[in-house]
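Here the structure is laid out as structure tokens; the discussion comes afterwards.
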Amino acid sequence: MKRYDPQSIEPKWQRRWEETGIFTAPDKPGTKAYVLDMFPYPSGDGLHVGHPRGYIATDAYSHFKRLTGHDVLHPMGWDAFGLPAENAAIKKGVHPAENTTRNIENFRRQLKSLGFSYDWSREVNTSDPDYYRWTQWIFLELFKAGLVYRDVGQQWWCPNDKTVLANEQVIDGKCERCGAEVTKKELTQWYFKITAYADELMDALDELDWPEPIKAMQRNWIGRSEGAQVTFGSDAGDITVYTTRPDTLFGATYLVLAPEHALVGKLTTTEQATAVGKYVEQAKRASEIDRTATDRKKTGVFTGSYATNPANNERIPIWIADYVLASYGTGAIMAVPAHDSRDREFAEVFDLPVRQVVMPETGAPVDGEEPRRSIVAIVEHPKTGELLTLDWEKGGGTLFVGGGRDEGEDPEAAARREVAEESGYTNLELVARGIQAKNHYHTIAHGKARCSTAELFHFRLKDEARDEPKLEDHEQGLFTVGWMAPAEVERRMTDPMHGFAFRWFMKREAFGGEGILVNSGQYDGLTSATARERIIADLKKRKVATEQTGYKLRDWLISRQRYWGTPIPVIHCKKCGPQPVPGEDLPVELPNVEDYLPTGDGRSPLAKVESFVQTPCPKCGDAAERETDTMDTFADSNWYFLRYPSPDKKDGPFDPAALKAWMPVDVYVGGAEHAVLHLLYARFWTKALADRGHLAFREPFLSLRNQGMILADDGRKMSKSLGNVINPDEVVEGLGADTLRIFEMFIGPFDQSADWSTQGIEGSYRFLKRVWTFGQRLAEANSGHTHGSDKVSAAERDWKRVASQATKRVTESIEGFRFNTAISALMEALNGFQSLADDAGGVPATARPYFERYLVLLTPFAPHIAEELWRELGHEDSIFTQDWPTIDRAALKQETAAIVVQVNGKVRTTVTLPTEGLTEAAAVQAAQENEIVQKHLGDAKPKQVIYVPGKLLNFVV
RNA sequence: GCCGGGGUGGCGGAACUGGCAUACGCGACGGACUCAAAAUCCGUUGCCCGCAAGGGCUUGUGGGUUCGAAUCCCACCCCCGGCACCA
């Protein structure tokens, strides 16, 4: 018997497959499947074992699709331009072009050693002029569509990489690439107007088969909010604020402007000038990180001026505070401390008034419920800080003092009366009042549906003077009165209204939810939603408000002052302004220069290349200068998937027929780290190109799957500096590509991160060795047996059942991207085959058709061993010419069914009965005859018998 | 804080739509082969009580619905990821 020797069979088949070109995608597919990996940036370090996890999955998926009759486009390419490539080259002292070429060769070699079925004839490289020519072409298309513009502004600047960064590339105030703290720099830069597509980018997400976290991240990033701009009058002129909660307008007790707001100077009174000046100066100096730290205490300063609330003509103070951002909305807000947590925090610090205008409504309204007025009183102990609580015996939980309020009774008097009646305490000091809440509930005492509108009170005990409590009859013995620490109260509080009182008075939280308006004049009693509409409508009539949608999304800044990127195809003419390079002059080639180091003066190294810069204006012909900035790398990766269907197209970026044949991408696989950058930009370009008439679809990736990271065996990220990197080359040399592929699919759920395990991969190797041995034994049984007869022996039926079971489970697992369960199904099937072989005293020749079916199931994951064993079994053709086995439902049937017998829901035993003609009556009879069942049933006659056909029987006694 | 995902043996994890929890693999223990080791093969392996037969407990915690809950509902705790004074 031959030994399993992956080192010899794997390269052999890789060569054969390449020679025969069996994985080449046709130009005119039948039923197509476009299975795409996020193409890598070819780093000098090569692959570590974490990288191929996604590639292994797409490769398995591609094979599965091919074997199920699809034409598959499964391409690979290189995201070769960009900062990391350039930085690596600088560090090594090798020109980026040369370094990149070398890295690509290494990557390609590594990928090929894993036996992937890429169609290498369609390889793309973003740093190739034949490619970036079309990146420039698309830039010009967007330019023509008015989606590209230039603007001066403060830009994020990475002092280490010496280039500007997009908002998305700044993480916690640091450069995403190198981790250096970013600063701001004023520059004129190019932008893509992605905000023009904000709504579509947001709405179309609903239809995509993408992981929920990724969709959530994109929604969050776009950050759409419906609201209104409202104008407040002031001595220094109108102040417009943006709010999403116009229903809380009556609760606005002050305005806040960002320190950078244009009106700050005008609004500041002479008395406040020094304080304001100092604050504004301070805000300017504070770094962005300090300013946006949320755990920081609120700071601010009063301007001395007042504004008029257009809703109620109230005069309210105008403050300046850095918690308001100049860059969002209008740079000014109306502060509603009762209903916004940040405003409430600020109001607590500066002792500004807090006015409730929305009361929470909890519980569900019921027809015929009894309306009621009531009170809730929190009584605080002055020494211990504990709160007076009523602990209700029967499921009432812990409550504060609460009770009804008589017709015409003053709420505060009612509250004091209830405290005295229920606890006996009489000497209370009022801390706060004037807060309301509404609750629909069922009374514990009489079980009636009630709707209670409560006034909430916060008292402090003045002394311990105490009368005898005067409980009503129905309250007797139902609760105990006591003192409880606030933290304990919070944990045990179950009633929503009492909980609200606690959060409002004790935790000093704002109520940010929706509810019913109070303290809002004519709008009292309306719901938040209705009030919003009415208030806006009324203010619109008076021309002091307009509806406004806000977005967090900003336009995409694409200029980079670096060498290694796609040159921006624009010529600056003194007379004609910036002119697009005419299409026939593309590509604007990146000159091959010696000095490509970033300059740090805000200009790209290309500015030093006279021959590149000097060029005539395409419009007037006068001497002009080329744009010297290059494009952000994300521009390159924005459309590469459009190039694969027609990679050699000379007169355009893509061939419409090829796109029609292959696009959109059916399955796209990559890391979750591209949730907002690449995936959002690529969607944007697709939509923009569709609007220019170039594409017939508006979403590039119908279905997206994320692979989880593979961590080192210590649970940390693999990194060179930690010395815990596992190189796939070593694994391939030692155990083989098939073992690596099997292990990475088996290691855990595909989208979750997993720890590498040297012992774990041994298990995968052992599995393949057992497959090998089984195949060899079968080959030795040397049978001419083919499965053609209708008569299947009893033993054969078992073989068939195992194969069918595996087919079902592997098929369903692959379809659901649950590769770990696909592998375990393959392992179980092999175990099943083996025990059948043990029963038969060796691998019988009759096993052949079933094992061959099994090999096809194994092919997507371990193609080399499957192909080799296929050959060993005497086949001349490739296993890839086979059809995926169909799921044979009939063959799945067992001849006997083990029925679980429960007594009162507890499993007691199983009874085994023939499946054929199995009825409930037969099952019940068999169970009742069973000794163990009899023991547990005793003499009792079952009240009820639950029967789940063929599975379970439950006697309820 | 907000949004999203999750919590199951010693470990990675499985369990379709509520129906035998712990599949598959790793590890551990015992055995066969061997002078010995490796490799391979066979067996055991959730926890507790018990010599055993057997019994009890168990899917983060507490409660609920159900004949029956890892799965559904309510409340809470913890972990991971993203966003974060975005009004």
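Ordering of the structure tokens sets the chain letters (A, B, ...); residue numbers start at 1 within each chain; ligands are numbered from 1 in the order shown.
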Quick one: residues within 8 Å of stretch 40-56 of chain B, only C-alpha atoms (C1' of nucleotides), excluding same-chain residues fewer than 3 positions away - as a PyMOL selection string? chain B and resi 9+22+29-32
Could you save those same residues with all heavy atoms as a short mmCIF file (atom, residue, chain, number, x, y, z; two decimals), in the first residue's frame?
data_model
loop_
_atom_site.label_atom_id
_atom_site.label_comp_id
_atom_site.auth_asym_id
_atom_site.auth_seq_id
_atom_site.Cartn_x
_atom_site.Cartn_y
_atom_site.Cartn_z
P G B 9 -19.27 24.91 29.27
OP1 G B 9 -19.28 24.85 30.76
OP2 G B 9 -18.50 25.97 28.59
"O5'" G B 9 -18.78 23.51 28.72
"C5'" G B 9 -17.51 23.08 29.05
"C4'" G B 9 -17.59 21.80 29.82
"O4'" G B 9 -18.24 20.80 28.99
"C3'" G B 9 -16.22 21.23 30.18
"O3'" G B 9 -16.32 20.59 31.45
"C2'" G B 9 -16.00 20.19 29.09
"O2'" G B 9 -15.14 19.17 29.47
"C1'" G B 9 -17.42 19.66 28.88
N9 G B 9 -17.60 19.07 27.57
C8 G B 9 -18.15 17.85 27.31
N7 G B 9 -18.20 17.56 26.03
C5 G B 9 -17.66 18.67 25.42
C6 G B 9 -17.45 18.94 24.07
O6 G B 9 -17.71 18.24 23.10
N1 G B 9 -16.88 20.20 23.87
C2 G B 9 -16.55 21.07 24.87
N2 G B 9 -16.00 22.21 24.50
N3 G B 9 -16.75 20.84 26.15
C4 G B 9 -17.30 19.63 26.34
P U B 22 -25.88 14.15 23.97
OP1 U B 22 -25.94 13.24 22.83
OP2 U B 22 -25.90 13.62 25.36
"O5'" U B 22 -24.61 15.07 23.83
"C5'" U B 22 -24.31 15.74 22.59
"C4'" U B 22 -23.16 16.68 22.82
"O4'" U B 22 -23.49 17.52 23.94
"C3'" U B 22 -21.88 15.97 23.21
"O3'" U B 22 -21.14 15.68 22.05
"C2'" U B 22 -21.17 16.99 24.11
"O2'" U B 22 -20.28 17.78 23.36
"C1'" U B 22 -22.32 17.89 24.61
N1 U B 22 -22.55 17.80 26.06
C2 U B 22 -21.91 18.73 26.86
O2 U B 22 -21.18 19.58 26.41
N3 U B 22 -22.17 18.62 28.20
C4 U B 22 -22.99 17.70 28.81
O4 U B 22 -23.12 17.74 30.02
C5 U B 22 -23.62 16.78 27.90
C6 U B 22 -23.38 16.85 26.60
P C B 29 -2.24 11.30 30.28
OP1 C B 29 -1.16 11.44 31.29
OP2 C B 29 -1.89 11.08 28.86
"O5'" C B 29 -3.22 10.13 30.73
"C5'" C B 29 -3.80 10.14 32.03
"C4'" C B 29 -4.89 9.10 32.12
"O4'" C B 29 -5.97 9.45 31.20
"C3'" C B 29 -4.50 7.69 31.67
"O3'" C B 29 -3.76 6.99 32.66
"C2'" C B 29 -5.88 7.09 31.40
"O2'" C B 29 -6.55 6.75 32.59
"C1'" C B 29 -6.58 8.26 30.72
N1 C B 29 -6.42 8.19 29.24
C2 C B 29 -7.30 7.37 28.51
O2 C B 29 -8.16 6.73 29.13
N3 C B 29 -7.18 7.28 27.17
C4 C B 29 -6.22 7.98 26.54
N4 C B 29 -6.14 7.87 25.22
C5 C B 29 -5.32 8.83 27.25
C6 C B 29 -5.45 8.91 28.59
P G B 30 -2.64 5.95 32.18
OP1 G B 30 -1.92 5.53 33.39
OP2 G B 30 -1.89 6.53 31.03
"O5'" G B 30 -3.49 4.74 31.62
"C5'" G B 30 -4.22 3.91 32.54
"C4'" G B 30 -5.08 2.93 31.80
"O4'" G B 30 -5.99 3.66 30.92
"C3'" G B 30 -4.36 1.99 30.84
"O3'" G B 30 -3.70 0.94 31.49
"C2'" G B 30 -5.53 1.52 29.98
"O2'" G B 30 -6.34 0.58 30.66
"C1'" G B 30 -6.31 2.83 29.81
N9 G B 30 -5.89 3.50 28.57
C8 G B 30 -5.07 4.60 28.43
N7 G B 30 -4.89 4.95 27.18
C5 G B 30 -5.63 4.01 26.45
C6 G B 30 -5.81 3.86 25.05
O6 G B 30 -5.34 4.54 24.13
N1 G B 30 -6.63 2.76 24.75
C2 G B 30 -7.20 1.93 25.67
N2 G B 30 -7.95 0.95 25.19
N3 G B 30 -7.04 2.07 26.98
C4 G B 30 -6.25 3.11 27.29
P G B 31 -2.39 0.34 30.84
OP1 G B 31 -1.86 -0.66 31.79
OP2 G B 31 -1.52 1.45 30.37
"O5'" G B 31 -2.92 -0.41 29.54
"C5'" G B 31 -3.63 -1.64 29.68
"C4'" G B 31 -4.26 -2.03 28.37
"O4'" G B 31 -4.93 -0.88 27.77
"C3'" G B 31 -3.33 -2.49 27.25
"O3'" G B 31 -2.85 -3.80 27.44
"C2'" G B 31 -4.25 -2.38 26.04
"O2'" G B 31 -5.18 -3.45 26.00
"C1'" G B 31 -4.99 -1.07 26.35
N9 G B 31 -4.35 0.07 25.67
C8 G B 31 -3.64 1.11 26.23
N7 G B 31 -3.20 1.95 25.35
C5 G B 31 -3.64 1.44 24.13
C6 G B 31 -3.47 1.93 22.80
O6 G B 31 -2.87 2.95 22.43
N1 G B 31 -4.07 1.10 21.87
C2 G B 31 -4.76 -0.05 22.16
N2 G B 31 -5.27 -0.70 21.13
N3 G B 31 -4.93 -0.51 23.39
C4 G B 31 -4.35 0.28 24.32
P A B 32 -1.46 -4.23 26.80
OP1 A B 32 -1.15 -5.59 27.32
OP2 A B 32 -0.47 -3.14 26.96
"O5'" A B 32 -1.83 -4.34 25.25
"C5'" A B 32 -2.67 -5.39 24.79
"C4'" A B 32 -2.81 -5.32 23.28
"O4'" A B 32 -3.35 -4.02 22.92
"C3'" A B 32 -1.49 -5.39 22.51
"O3'" A B 32 -1.06 -6.73 22.34
"C2'" A B 32 -1.88 -4.73 21.19
"O2'" A B 32 -2.59 -5.61 20.34
"C1'" A B 32 -2.82 -3.61 21.67
N9 A B 32 -2.13 -2.33 21.86
C8 A B 32 -1.73 -1.74 23.03
N7 A B 32 -1.15 -0.57 22.88
C5 A B 32 -1.17 -0.38 21.51
C6 A B 32 -0.71 0.67 20.69
N6 A B 32 -0.12 1.77 21.17
N1 A B 32 -0.88 0.56 19.36
C2 A B 32 -1.48 -0.53 18.88
N3 A B 32 -1.96 -1.58 19.55
C4 A B 32 -1.78 -1.44 20.86
#
DSSP-assigned helix (DSSP H, G or I) among stretch 16-81 of chain A, expressed as a VMD selection string: chain A and resid 16 to 20 52 to 67
Best match for closeness to B:C78 among B:G1, B:G7, B:G13, B:G27, counting only C-alpha atoms (C1' of nucleotides):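 For B:C78, the nearest of the given residues is B:G7.
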Near A:Met334, counting only C-alpha atoms (C1' of nucleotides), which residues have an atom at most 7 Å away, once you skip same-chain residues fewer than 3 positions from it, shown as a PDB file with C-alpha atoms, in the first residue's frame?
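The result, stored in selection_32.pdb:
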ATOM      1  CA  VAL A 241     -29.789  75.272  15.329  1.00  0.00           C
ATOM      2  CA  ALA A 252     -34.968  74.279  25.420  1.00  0.00           C
ATOM      3  CA  TYR A 254     -30.461  77.540  26.748  1.00  0.00           C
ATOM      4  CA  LEU A 255     -28.534  77.556  23.487  1.00  0.00           C
ATOM      5  CA  VAL A 256     -24.996  76.325  22.977  1.00  0.00           C
TER       6      VAL A 256
END
List as a list in words the protein and nucleic acid residues near A:Pro337, meaning an atom at most 10 Å away when only C-alpha atoms (C1' of nucleotides) are counted, but skip any in the same chain fewer than 4 places from it.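 Returned residues: Thr248, Gly251, Ala252, Thr253, Tyr254, Ser341, Arg342, Asp343, Arg344, Glu345, Phe346, Ala347, Glu348, Leu352, Pro353, Val354, Arg355, Gln356, Glu509, Ala510, Phe511 and Gly512 of chain A.
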Quick one: which residues from chain B are at most 10 Å off chain A, using only C-alpha atoms (C1' of nucleotides), as an NGL selection string? :B and (1 or 3-5 or 12-14 or 19-20 or 23-27 or 67-68 or 75-76 or 81-87)
Surrounding residues of stretch 728-732 of chain A excluding itself and chain neighbours under 2 positions, 6 Å, only C-alpha atoms (C1' of nucleotides), as a ChimeraX atom specification: /A:48-49,734-737
Could those residues be written to a file, using all heavy atoms, as a CSV table (one decimal), in the first residue's frame?
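Output file selection-v2.csv follows:
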chain,number,residue,atom,x,y,z
A,48,HIS,N,0.7,34.8,6.1
A,48,HIS,CA,0.7,33.9,7.2
A,48,HIS,C,-0.6,33.1,7.2
A,48,HIS,O,-1.5,33.4,6.4
A,48,HIS,CB,1.0,34.7,8.5
A,48,HIS,CG,-0.2,35.5,9.0
A,48,HIS,ND1,-1.4,35.0,9.3
A,48,HIS,CD2,-0.3,36.9,9.3
A,48,HIS,CE1,-2.2,36.0,9.8
A,48,HIS,NE2,-1.5,37.1,9.8
A,49,VAL,N,-0.7,32.1,8.0
A,49,VAL,CA,-1.7,31.2,7.9
A,49,VAL,C,-3.1,31.8,8.0
A,49,VAL,O,-4.1,31.2,7.6
A,49,VAL,CB,-1.6,29.9,8.8
A,49,VAL,CG1,-0.5,29.0,8.4
A,49,VAL,CG2,-1.5,30.4,10.3
A,734,GLY,N,5.3,20.5,5.5
A,734,GLY,CA,5.3,19.4,6.5
A,734,GLY,C,4.1,18.5,6.3
A,734,GLY,O,4.2,17.3,6.2
A,735,LEU,N,2.9,19.1,6.2
A,735,LEU,CA,1.7,18.3,6.3
A,735,LEU,C,0.9,18.3,5.0
A,735,LEU,O,0.0,17.5,4.7
A,735,LEU,CB,0.7,18.7,7.4
A,735,LEU,CG,1.4,18.6,8.8
A,735,LEU,CD1,0.5,19.3,9.8
A,735,LEU,CD2,1.7,17.2,9.2
A,736,GLY,N,1.2,19.3,4.1
A,736,GLY,CA,0.5,19.4,2.9
A,736,GLY,C,-0.6,20.5,2.8
A,736,GLY,O,-1.1,20.9,3.8
A,737,ALA,N,-0.9,20.9,1.6
A,737,ALA,CA,-1.9,21.9,1.4
A,737,ALA,C,-3.3,21.5,1.8
A,737,ALA,O,-4.1,22.2,2.4
A,737,ALA,CB,-1.9,22.4,-0.1
Write down as a ChimeraX atom specification the residues belonging to stretch 275-450 of chain A that are assigned strand (DSSP E) by DSSP computed on the backbone. /A:301-308,315-320,332-335,358-359,361-362,370-380,387-392,397-399,401-404,428-442,449-450
Quick one: of A:Glu815, A:Asp713, A:Glu699, A:Asp691, who's nearest to A:Leu201, counting only C-alpha atoms?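 Going through A:Glu815, A:Asp713, A:Glu699, A:Asp691 one by one, the smallest distance to A:Leu201 is for A:Glu699.
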Let me make sure I understand: among A:Trp884, A:Thr615, A:Leu830, A:Glu895, which one has the smallest atom-to-atom distance to A:Asp798 if we use only C-alpha atoms?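 Smallest distance to A:Asp798 is found for A:Glu895.
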I'd like the contact shell of A:Gln579 - 7 Å cut-off, only C-alpha atoms (C1' of nucleotides), skipping same-chain residues fewer than 5 positions apart - returned as an MDAnalysis selection string. chainID A and resid 570:572
Output file for the residues above (N, CA and C atoms, as a PDB file, in the first residue's frame):
ATOM      1  N   VAL A 570      -5.279  65.519 -14.073  1.00  0.00           N
ATOM      2  CA  VAL A 570      -5.751  66.894 -14.204  1.00  0.00           C
ATOM      3  C   VAL A 570      -4.560  67.783 -14.523  1.00  0.00           C
ATOM      4  N   ILE A 571      -4.797  68.795 -15.344  1.00  0.00           N
ATOM      5  CA  ILE A 571      -3.749  69.775 -15.666  1.00  0.00           C
ATOM      6  C   ILE A 571      -4.222  71.151 -15.214  1.00  0.00           C
ATOM      7  N   HIS A 572      -3.357  71.824 -14.452  1.00  0.00           N
ATOM      8  CA  HIS A 572      -3.719  73.145 -13.944  1.00  0.00           C
ATOM      9  C   HIS A 572      -3.196  74.219 -14.891  1.00  0.00           C
TER      10      HIS A 572
END
Provide the atom CA of A:Thr912 to atom CA of A:Pro949 distance in Å, to one decimal place.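 Taking atom CA of A:Thr912 and atom CA of A:Pro949, their separation equals 13.1 Å.
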How many Å lie between atom CA of A:Arg603 and atom CA of A:Lys284, rounded to one decimal?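 Atom-to-atom, atom CA of A:Arg603 to atom CA of A:Lys284, that is 26.0 Å.
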May I ask which of the residues B:C16, B:A21, B:C35, B:A28 is the closest one to B:A69, counting only C-alpha atoms (C1' of nucleotides)? B:A21
Atom CA of A:Gly304 to atom CA of A:Thr274: how many Å, to one decimal? 11.5 Å
